[in-house]
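Just below is one structure, and these are the notes that go with it.
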Amino acid sequence: MKITGRTWMCIVLIALSVGVILTARTWPLKAAIFPIFVAVFVLVLAAIEIFLALFLKQTAKETSTLDFKLADAETLEIDEKTARKRVTVFFAWTFFFFLLILLLGFPLAIPTFFIIFLRFYGKESWGMTILLAAVAWGSFYGLFIYLLHVPFSEGWIFTLLKLLGLWE
Amino acid sequence: MFEAFIDGLLMILTWKALLYLFLGILIGYAVGILPGLGGGTTLALMLPFIYKMTPGEAMAFLLGMHSVVQTAGDITSILFGIPGEATTVAMIVDGYPMSKRGEAGRALGAGLSASLIGVIIGALVLLFSVPIVRPLVLSLGSPEMLMVIILGLTCISSLSGKGRRALLLGLLSAGFGFMCSLVGQDRQAGILRFTFGQLYLWNGLPLVPVMVGFFAIPEMVDLAVRGTSIAGKLPEGKLTKGVWDGVKDTIKHFWMCVRCSFIGVAIGILPGLGGGVAQWLAYAHAVQSAKTDEERAGFGKGDVRGVIGPGASTGKEGGALVPTVAFGIPGSSAMAILLGAFMILGIVPGPDMLTKYLPVTFSMVWILVIANIVTVLISIPIINHMARLTTVRGSIMIAFILLLCFIGAYCENNHIGDVIVMLLFGFIGYLMVLYDFPRPPFILAFILGKMTETYYYISTTRYGFDWIYRPKVIFIFALAVLAGAYPFLKGKLRSVVGGNR
Amino acid sequence: MKKWPFLLALVLFFPGGISAAPYYEGKVIKIVVGYKPGGGYDRMARLVAKHLPKHIPGKPSVVIENMEGASSIIAANYVYNIAKPDGLTIGTFNRALPFAQLTNQAGVKFNILKYAWIGSTAVEGTVFAIRTDLPYKTVDDLLKVKTPLMIGCTGATDISGQFPTLLKEYIGLNLKLITYPSSADIMLAIERREVDGRAGSYSSLKPFIDRGLVKPFIRGRVPEKGTEHLPVNEDLTSDKKGKAVMFMFSAADLIGRPFVCPPNTPEDKMKILSEAFAKMAKDPQMLEDARKAQMEVQYTSGREILKVINTVFNQPKEIIAEFSKHVSF
């Protein structure tokens, strides 16, 4: 009996369905009928999947899906640890970009991220880094700020500085 | 009817109209290529400008822009695996794998040429079906529409892969998609569902951030792990097939194109369904045309027919004009905005649009055709260069794609919550791909969730449970069951007919 | 060296700033419409979007955002809670929303009296219409039907839901309500014979009445050109409470096409907008376009509207209780 990641996903789905059913009971019928129907559907199917996963031997053939298979340690001939590290690193950088946006606001976060990312992750030369950051920032500025007047909030750091009276 | 067809063409062959058409195409191209900066938002932004144009010019501008957005959306789907529009998701399934094999040019060529054929055939089909369109739409009620949606979802789930296990996962994926679509105020009673006290969630999870994150982030994880460019390891680092190979492929599968175009128009005509269902049903048909099991397995890994099918379903654009114009019910959010524009221009939707004002309706169809022709002509010379993007170093691509994702998610509502949603669903998408849950059923169910609920609710309130016994409902349901059982049946048929394997 | 006298003169002659550009210049006003495109509220909003700019100093552009759901409660909530009170967001929604608040409907997160009211651009009399291919000719015929009439509505808190509900309660009309996403969907359903009729503003039903698809049978107290001859719902019942409830309900017709700004929008912006609306309602081009779209335009100020709403809210408790009994779900 192997509890795989997929089994965990199903368990989560079951938990969600139960949550839906319990919450929906308090609603008037016309708002509740569809959620309950869907939740029961998911509950039953997830239970079947868990059952099959735990008690049946699965062949790789049976589960090839219409979606791509993530490149992983097997297909790339690198070891599992490296593959996992790369995934974590990627998510870390993404989250970093998000933090930059929160702290500095879009217009400043973009060139900052590009420069740091391309230089340290992509290992590009300084020339290439600056060039690409300029291209990204320039087209962003031209299209979204100049042409479309999209309002971008200023970033928490500046709000803080303003509150402290150090910036205007 | 033929006269109306020709009159419609003559109506737009004025210099100014063509100029605005061209302008619309350029803007539409830029917008369609940027994931997330949806055709809908831009159409809405452009509305104030059309007050100053004559109706003919305004229509040329808006429709030109709209039709191009779809086609350009296919480009990002194929090149980067990011859907440019909700209707271009089906393109990703085979288009992106082709890019990874270095055949981006071929995929783009096939997709665009199929689009072109699709739109032309669509226009012709519309021409001949004008007399039956109204009766056809009127004969389908809410229960039938519900069944069509279920048919679409079953097709996708059953195509999700080989074997019953995959079908199960596909259905689970769809169910999860439905559950996510429940968030927000419900249409029937205004009850807040699953909003956890967040005002932001009252209108539900926003489609664009979910879609962009869901598809883009797992692709980028893949890129990061591989450490190469999108096109991976190529012989001599050169792209193999180019745009003309793609065009040749489309011509080779011409009849399939035609059939998918029919499907596109047929679904497009049904009010309110939107292009998503059309693309997927066309895809399902393309998969079906595979003659052997091995061929079928090739879908999802870069079979060019998987690109041609959805590409040819652009007939849905012409089809979607019909309910918009004849009934005032927009077939998609972009059509909804167009509808608003039509009203400003004094075009009032109604049966007159199919009789008295038929030339006007046909002029709209012509605009779609011409816009697509122009788009394809502009694109073909540059496709091979665009395809080179797939050879750019992965880390650079990741930076730019991340940028596009963040901006695409943010710009719709200027709310940072959208970015959070994008990241969240990016992670969920990653988990799903990791554990073999197919993503297409999720996104289709997510998009169609509210509509499914509405039709289900109307069917039950209006007809009690009698609606199950209506003949058309039973027919469509039977089709759905067939589609669902397909993977099981195929195996049985094989062992009965072909001996052992 | 030569510039400063000129600049000085400029500053002296125009105190308060060389930078006295109108607030609305270069800006975009968003009208949030609580319904999908095609319905009466949406069409009025688009008409406004087209003609309002020229009456606002600075000539901003005006765009529409459709935010349908829960009979425009979603849009009303948005304008009340989320939109910024900077004079750049206007909301238009179901004229019967005061009743939703009055009956404490779940999901209502606004206080209709606290919006910064611009006013209303029309008076909208309500009518109840049935498919012409049904064999009913008079109200009496309708009262005698054996199977319930299937009536389409866009929500139980919409006029299209409430008007028939009151008819059912006090006149004994045998009907069943079915909710559709938009009035365009209802009209399609009528053509498909999925439903038998609909109640709604006369202006939004007029194209279909003229086309011969539906025929109006009953109207609310507020008459419009073309509906004066129809029996009034209040007159069809002998129930005193019923009459009072229907009378109260018809107050919504006076609110017609409401336009509001988020609460606490500054006075100066409200002044600009209200004046612009009033001027626009007299603009001959606007009236011409309205005529072509078969709509009437008539401006009622925010102050007047608030008076109407207050009258409704100050009705005797027992009438409100009676009202809440029937407009509940």
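Ordering of the structure tokens sets the chain letters (A, B, ...), residue numbers begin anew at 1 in every chain, and ligands are numbered from 1 in the order given.
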Using 7 Å as the limit and counting only C-alpha atoms, can you tabulate each residue of chain C that touches chain B, with its shortest atom-to-atom distance in Å and the two atoms involved, as CSV?
residue,atom,partner,partner_atom,distance
C:Pro37,CA,B:Gly340,CA,5.9
C:Gly38,CA,B:Gly328,CA,6.3
C:Arg46,CA,B:Ile344,CA,6.6
C:Leu47,CA,B:Ile344,CA,6.8
C:Lys50,CA,B:Tyr51,CA,7.0
C:Ser61,CA,B:Pro48,CA,6.2
C:Val62,CA,B:Pro48,CA,6.6
C:Val63,CA,B:Pro48,CA,6.6
C:Gly69,CA,B:Arg187,CA,5.4
C:Ala70,CA,B:Gly190,CA,4.4
C:Ala106,CA,B:Ile191,CA,6.5
C:Gly107,CA,B:Ile191,CA,5.7
C:Gly155,CA,B:Gln188,CA,6.5
C:Ile178,CA,B:Ile458,CA,6.4
C:Thr179,CA,B:Ile458,CA,6.6
C:Ala184,CA,B:Gly328,CA,6.0
C:Asp185,CA,B:Ile329,CA,6.6
C:Leu188,CA,B:Phe327,CA,6.6
C:Glu191,CA,B:Leu138,CA,6.7
C:Arg192,CA,B:Leu138,CA,4.8
C:Glu194,CA,B:Gly141,CA,6.9
Next item on the list: Write out as a list of chain:residue names the residues lying within 9 Å of Ile115 of chain A, counting only C-alpha atoms and excluding same-chain residues fewer than 3 positions away.
Entry: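 What passes the distance filter is A:Ile110, A:Pro111, A:Thr112, A:Leu118, A:Arg119, A:Phe120, A:Trp126, A:Thr129, A:Ile130, A:Leu132, A:Ala133.
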Any chance you could export the current selection's N, CA and C atoms as a PDB file, in the first residue's frame?
ATOM      1  N   ILE A 110      10.068  45.500 -11.414  1.00  0.00           N
ATOM      2  CA  ILE A 110      10.408  44.817 -12.663  1.00  0.00           C
ATOM      3  C   ILE A 110      11.891  44.921 -13.015  1.00  0.00           C
ATOM      4  N   PRO A 111      12.448  46.090 -13.130  1.00  0.00           N
ATOM      5  CA  PRO A 111      13.881  46.111 -13.463  1.00  0.00           C
ATOM      6  C   PRO A 111      14.729  45.468 -12.374  1.00  0.00           C
ATOM      7  N   THR A 112      14.343  45.692 -11.115  1.00  0.00           N
ATOM      8  CA  THR A 112      15.108  45.099 -10.018  1.00  0.00           C
ATOM      9  C   THR A 112      15.153  43.595 -10.151  1.00  0.00           C
ATOM     10  N   LEU A 118      18.412  37.656 -13.696  1.00  0.00           N
ATOM     11  CA  LEU A 118      19.209  37.277 -14.853  1.00  0.00           C
ATOM     12  C   LEU A 118      20.675  37.130 -14.489  1.00  0.00           C
ATOM     13  N   ARG A 119      21.107  37.969 -13.566  1.00  0.00           N
ATOM     14  CA  ARG A 119      22.531  37.911 -13.212  1.00  0.00           C
ATOM     15  C   ARG A 119      22.829  36.688 -12.364  1.00  0.00           C
ATOM     16  N   PHE A 120      21.997  36.430 -11.350  1.00  0.00           N
ATOM     17  CA  PHE A 120      22.369  35.386 -10.405  1.00  0.00           C
ATOM     18  C   PHE A 120      21.781  34.031 -10.727  1.00  0.00           C
ATOM     19  N   TRP A 126      26.792  41.023 -17.432  1.00  0.00           N
ATOM     20  CA  TRP A 126      26.195  42.277 -17.016  1.00  0.00           C
ATOM     21  C   TRP A 126      25.574  43.016 -18.196  1.00  0.00           C
ATOM     22  N   THR A 129      22.323  41.388 -19.105  1.00  0.00           N
ATOM     23  CA  THR A 129      21.356  41.611 -18.037  1.00  0.00           C
ATOM     24  C   THR A 129      20.747  42.999 -18.142  1.00  0.00           C
ATOM     25  N   ILE A 130      21.624  43.983 -18.214  1.00  0.00           N
ATOM     26  CA  ILE A 130      21.123  45.359 -18.276  1.00  0.00           C
ATOM     27  C   ILE A 130      20.280  45.557 -19.529  1.00  0.00           C
ATOM     28  N   LEU A 132      18.500  43.340 -21.284  1.00  0.00           N
ATOM     29  CA  LEU A 132      17.191  42.705 -21.194  1.00  0.00           C
ATOM     30  C   LEU A 132      16.295  43.406 -20.177  1.00  0.00           C
ATOM     31  N   ALA A 133      16.911  43.817 -19.052  1.00  0.00           N
ATOM     32  CA  ALA A 133      16.106  44.521 -18.054  1.00  0.00           C
ATOM     33  C   ALA A 133      15.553  45.812 -18.651  1.00  0.00           C
TER      34      ALA A 133
END
Notebook entry, point to check: segment 417-433 of chain B: which residues within 10 Å, counting only C-alpha atoms, same-chain residues fewer than 3 positions away excluded, as an MDAnalysis selection string?
Noted result: (chainID A and resid 5:6 9 65 67:70 91 94:95 98) or (chainID B and resid 173 200:201 205:222 405:414 436:439 442)
Now that the selection is made, can you save its residues with N, CA and C atoms as a compact mmCIF listing (two decimals), in the first residue's frame?
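Now in result-v3.txt:
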# COMPACT_ATOMS: atom_id res chain seq x y z
N GLY A 5 1.58 10.99 -3.70
CA GLY A 5 1.12 12.37 -3.72
C GLY A 5 -0.29 12.45 -4.24
N ARG A 6 -0.56 11.59 -5.24
CA ARG A 6 -1.89 11.64 -5.84
C ARG A 6 -2.94 11.29 -4.79
N MET A 9 -3.69 14.21 -2.72
CA MET A 9 -4.55 15.16 -3.43
C MET A 9 -6.01 14.73 -3.30
N THR A 65 -1.78 10.88 -19.27
CA THR A 65 -2.89 11.82 -19.46
C THR A 65 -2.58 12.79 -20.60
N ASP A 67 -1.93 15.62 -20.68
CA ASP A 67 -1.22 16.79 -20.21
C ASP A 67 0.24 16.39 -20.21
N PHE A 68 1.11 17.36 -20.19
CA PHE A 68 2.49 16.93 -20.32
C PHE A 68 3.01 16.37 -19.01
N LYS A 69 4.02 15.57 -19.12
CA LYS A 69 4.63 15.04 -17.92
C LYS A 69 5.79 15.95 -17.57
N LEU A 70 5.82 16.37 -16.32
CA LEU A 70 6.90 17.27 -15.93
C LEU A 70 8.24 16.58 -16.11
N PHE A 91 10.34 28.25 -7.49
CA PHE A 91 9.26 28.84 -6.70
C PHE A 91 9.79 29.95 -5.80
N THR A 94 10.11 33.03 -7.87
CA THR A 94 8.79 33.59 -8.19
C THR A 94 8.26 34.36 -7.00
N PHE A 95 8.38 33.74 -5.83
CA PHE A 95 7.90 34.40 -4.63
C PHE A 95 8.69 35.68 -4.38
N PHE A 98 7.33 38.38 -6.41
CA PHE A 98 6.07 38.84 -5.81
C PHE A 98 6.36 39.79 -4.65
N SER B 173 -10.83 16.02 -12.02
CA SER B 173 -10.33 17.34 -12.39
C SER B 173 -11.49 18.28 -12.71
N TYR B 200 -13.33 40.74 -2.00
CA TYR B 200 -12.68 40.50 -3.28
C TYR B 200 -13.25 39.28 -4.00
N LEU B 201 -13.72 38.28 -3.22
CA LEU B 201 -14.14 37.03 -3.85
C LEU B 201 -15.61 37.01 -4.22
N LEU B 205 -13.72 33.55 -8.30
CA LEU B 205 -12.30 33.56 -8.62
C LEU B 205 -12.15 34.10 -10.04
N PRO B 206 -11.28 35.07 -10.23
CA PRO B 206 -11.18 35.69 -11.55
C PRO B 206 -10.54 34.75 -12.55
N LEU B 207 -11.15 34.65 -13.73
CA LEU B 207 -10.72 33.66 -14.71
C LEU B 207 -9.30 33.84 -15.19
N VAL B 208 -8.96 35.05 -15.57
CA VAL B 208 -7.65 35.25 -16.20
C VAL B 208 -6.48 34.87 -15.30
N PRO B 209 -6.44 35.36 -14.06
CA PRO B 209 -5.32 34.93 -13.21
C PRO B 209 -5.28 33.42 -13.01
N VAL B 210 -6.44 32.81 -12.81
CA VAL B 210 -6.45 31.36 -12.62
C VAL B 210 -5.84 30.68 -13.84
N MET B 211 -6.31 31.07 -15.01
CA MET B 211 -5.89 30.44 -16.24
C MET B 211 -4.40 30.64 -16.48
N VAL B 212 -3.98 31.89 -16.35
CA VAL B 212 -2.58 32.19 -16.63
C VAL B 212 -1.67 31.44 -15.67
N GLY B 213 -1.98 31.52 -14.37
CA GLY B 213 -1.13 30.83 -13.40
C GLY B 213 -1.15 29.33 -13.60
N PHE B 214 -2.34 28.80 -13.79
CA PHE B 214 -2.55 27.37 -13.88
C PHE B 214 -1.73 26.75 -15.00
N PHE B 215 -1.64 27.45 -16.11
CA PHE B 215 -0.90 26.88 -17.24
C PHE B 215 0.55 27.32 -17.28
N ALA B 216 0.79 28.59 -16.99
CA ALA B 216 2.14 29.09 -17.17
C ALA B 216 3.12 28.57 -16.14
N ILE B 217 2.72 28.57 -14.89
CA ILE B 217 3.69 28.23 -13.84
C ILE B 217 4.21 26.80 -13.95
N PRO B 218 3.35 25.80 -14.14
CA PRO B 218 3.92 24.47 -14.31
C PRO B 218 4.87 24.38 -15.50
N GLU B 219 4.55 25.10 -16.60
CA GLU B 219 5.45 25.06 -17.75
C GLU B 219 6.81 25.63 -17.37
N MET B 220 6.77 26.68 -16.56
CA MET B 220 8.04 27.29 -16.19
C MET B 220 8.82 26.41 -15.23
N VAL B 221 8.11 25.71 -14.36
CA VAL B 221 8.81 24.77 -13.49
C VAL B 221 9.55 23.77 -14.37
N ASP B 222 8.84 23.31 -15.38
CA ASP B 222 9.43 22.37 -16.31
C ASP B 222 10.69 22.94 -16.95
N CYS B 405 3.05 37.05 -16.80
CA CYS B 405 2.05 36.46 -15.90
C CYS B 405 1.61 37.46 -14.86
N PHE B 406 2.58 38.09 -14.22
CA PHE B 406 2.22 39.03 -13.16
C PHE B 406 1.40 40.19 -13.70
N ILE B 407 1.86 40.73 -14.79
CA ILE B 407 1.12 41.86 -15.37
C ILE B 407 -0.24 41.41 -15.86
N GLY B 408 -0.27 40.30 -16.57
CA GLY B 408 -1.53 39.80 -17.11
C GLY B 408 -2.56 39.59 -16.01
N ALA B 409 -2.08 39.05 -14.88
CA ALA B 409 -3.02 38.81 -13.80
C ALA B 409 -3.48 40.12 -13.18
N TYR B 410 -2.58 41.08 -13.05
CA TYR B 410 -2.89 42.31 -12.33
C TYR B 410 -3.80 43.25 -13.11
N CYS B 411 -3.54 43.34 -14.43
CA CYS B 411 -4.16 44.44 -15.17
C CYS B 411 -5.66 44.37 -15.36
N GLU B 412 -6.23 43.21 -15.20
CA GLU B 412 -7.67 43.13 -15.45
C GLU B 412 -8.44 44.00 -14.46
N ASN B 413 -8.11 43.85 -13.18
CA ASN B 413 -8.86 44.58 -12.15
C ASN B 413 -7.99 45.47 -11.29
N ASN B 414 -6.70 45.55 -11.63
CA ASN B 414 -5.78 46.35 -10.82
C ASN B 414 -5.84 45.99 -9.35
N ASP B 436 -0.45 13.68 -12.15
CA ASP B 436 -1.21 13.11 -13.25
C ASP B 436 -2.68 13.49 -13.30
N PHE B 437 -3.05 14.61 -12.73
CA PHE B 437 -4.42 15.07 -12.94
C PHE B 437 -4.40 15.95 -14.18
N PRO B 438 -5.19 15.62 -15.19
CA PRO B 438 -5.15 16.44 -16.40
C PRO B 438 -5.76 17.81 -16.14
N ARG B 439 -5.15 18.83 -16.71
CA ARG B 439 -5.62 20.18 -16.44
C ARG B 439 -6.78 20.66 -17.32
N PHE B 442 -10.29 20.62 -15.83
CA PHE B 442 -10.47 21.58 -14.75
C PHE B 442 -10.86 22.94 -15.29
Item checked: Residues flagged helix (DSSP H, G or I) by DSSP in chain A, as a PyMOL selection string -> chain A and resi 5-24+29-55+60-63+73-76+80-104+106-120+126-147+156-163
Next item on the list: Give me the residues within 10 Å of segment 100-102 of chain A as a ChimeraX atom specification, counting only C-alpha atoms and dropping any in the same chain fewer than 2 places off.
Entry: /A:94-98,104-110,112-113,152-157 /B:406,416
Item checked: atom CA of Arg134 of chain B to atom CA of Val322 of chain B, distance in Å rounded to a single decimal -> 9.0 Å
Item checked: Shortest interatomic distance to Thr391 of chain B - which of B:Leu223, B:Val130, B:Ile308, B:Ala266, counting only C-alpha atoms ->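 The closest residue to Thr391 of chain B is B:Leu223.
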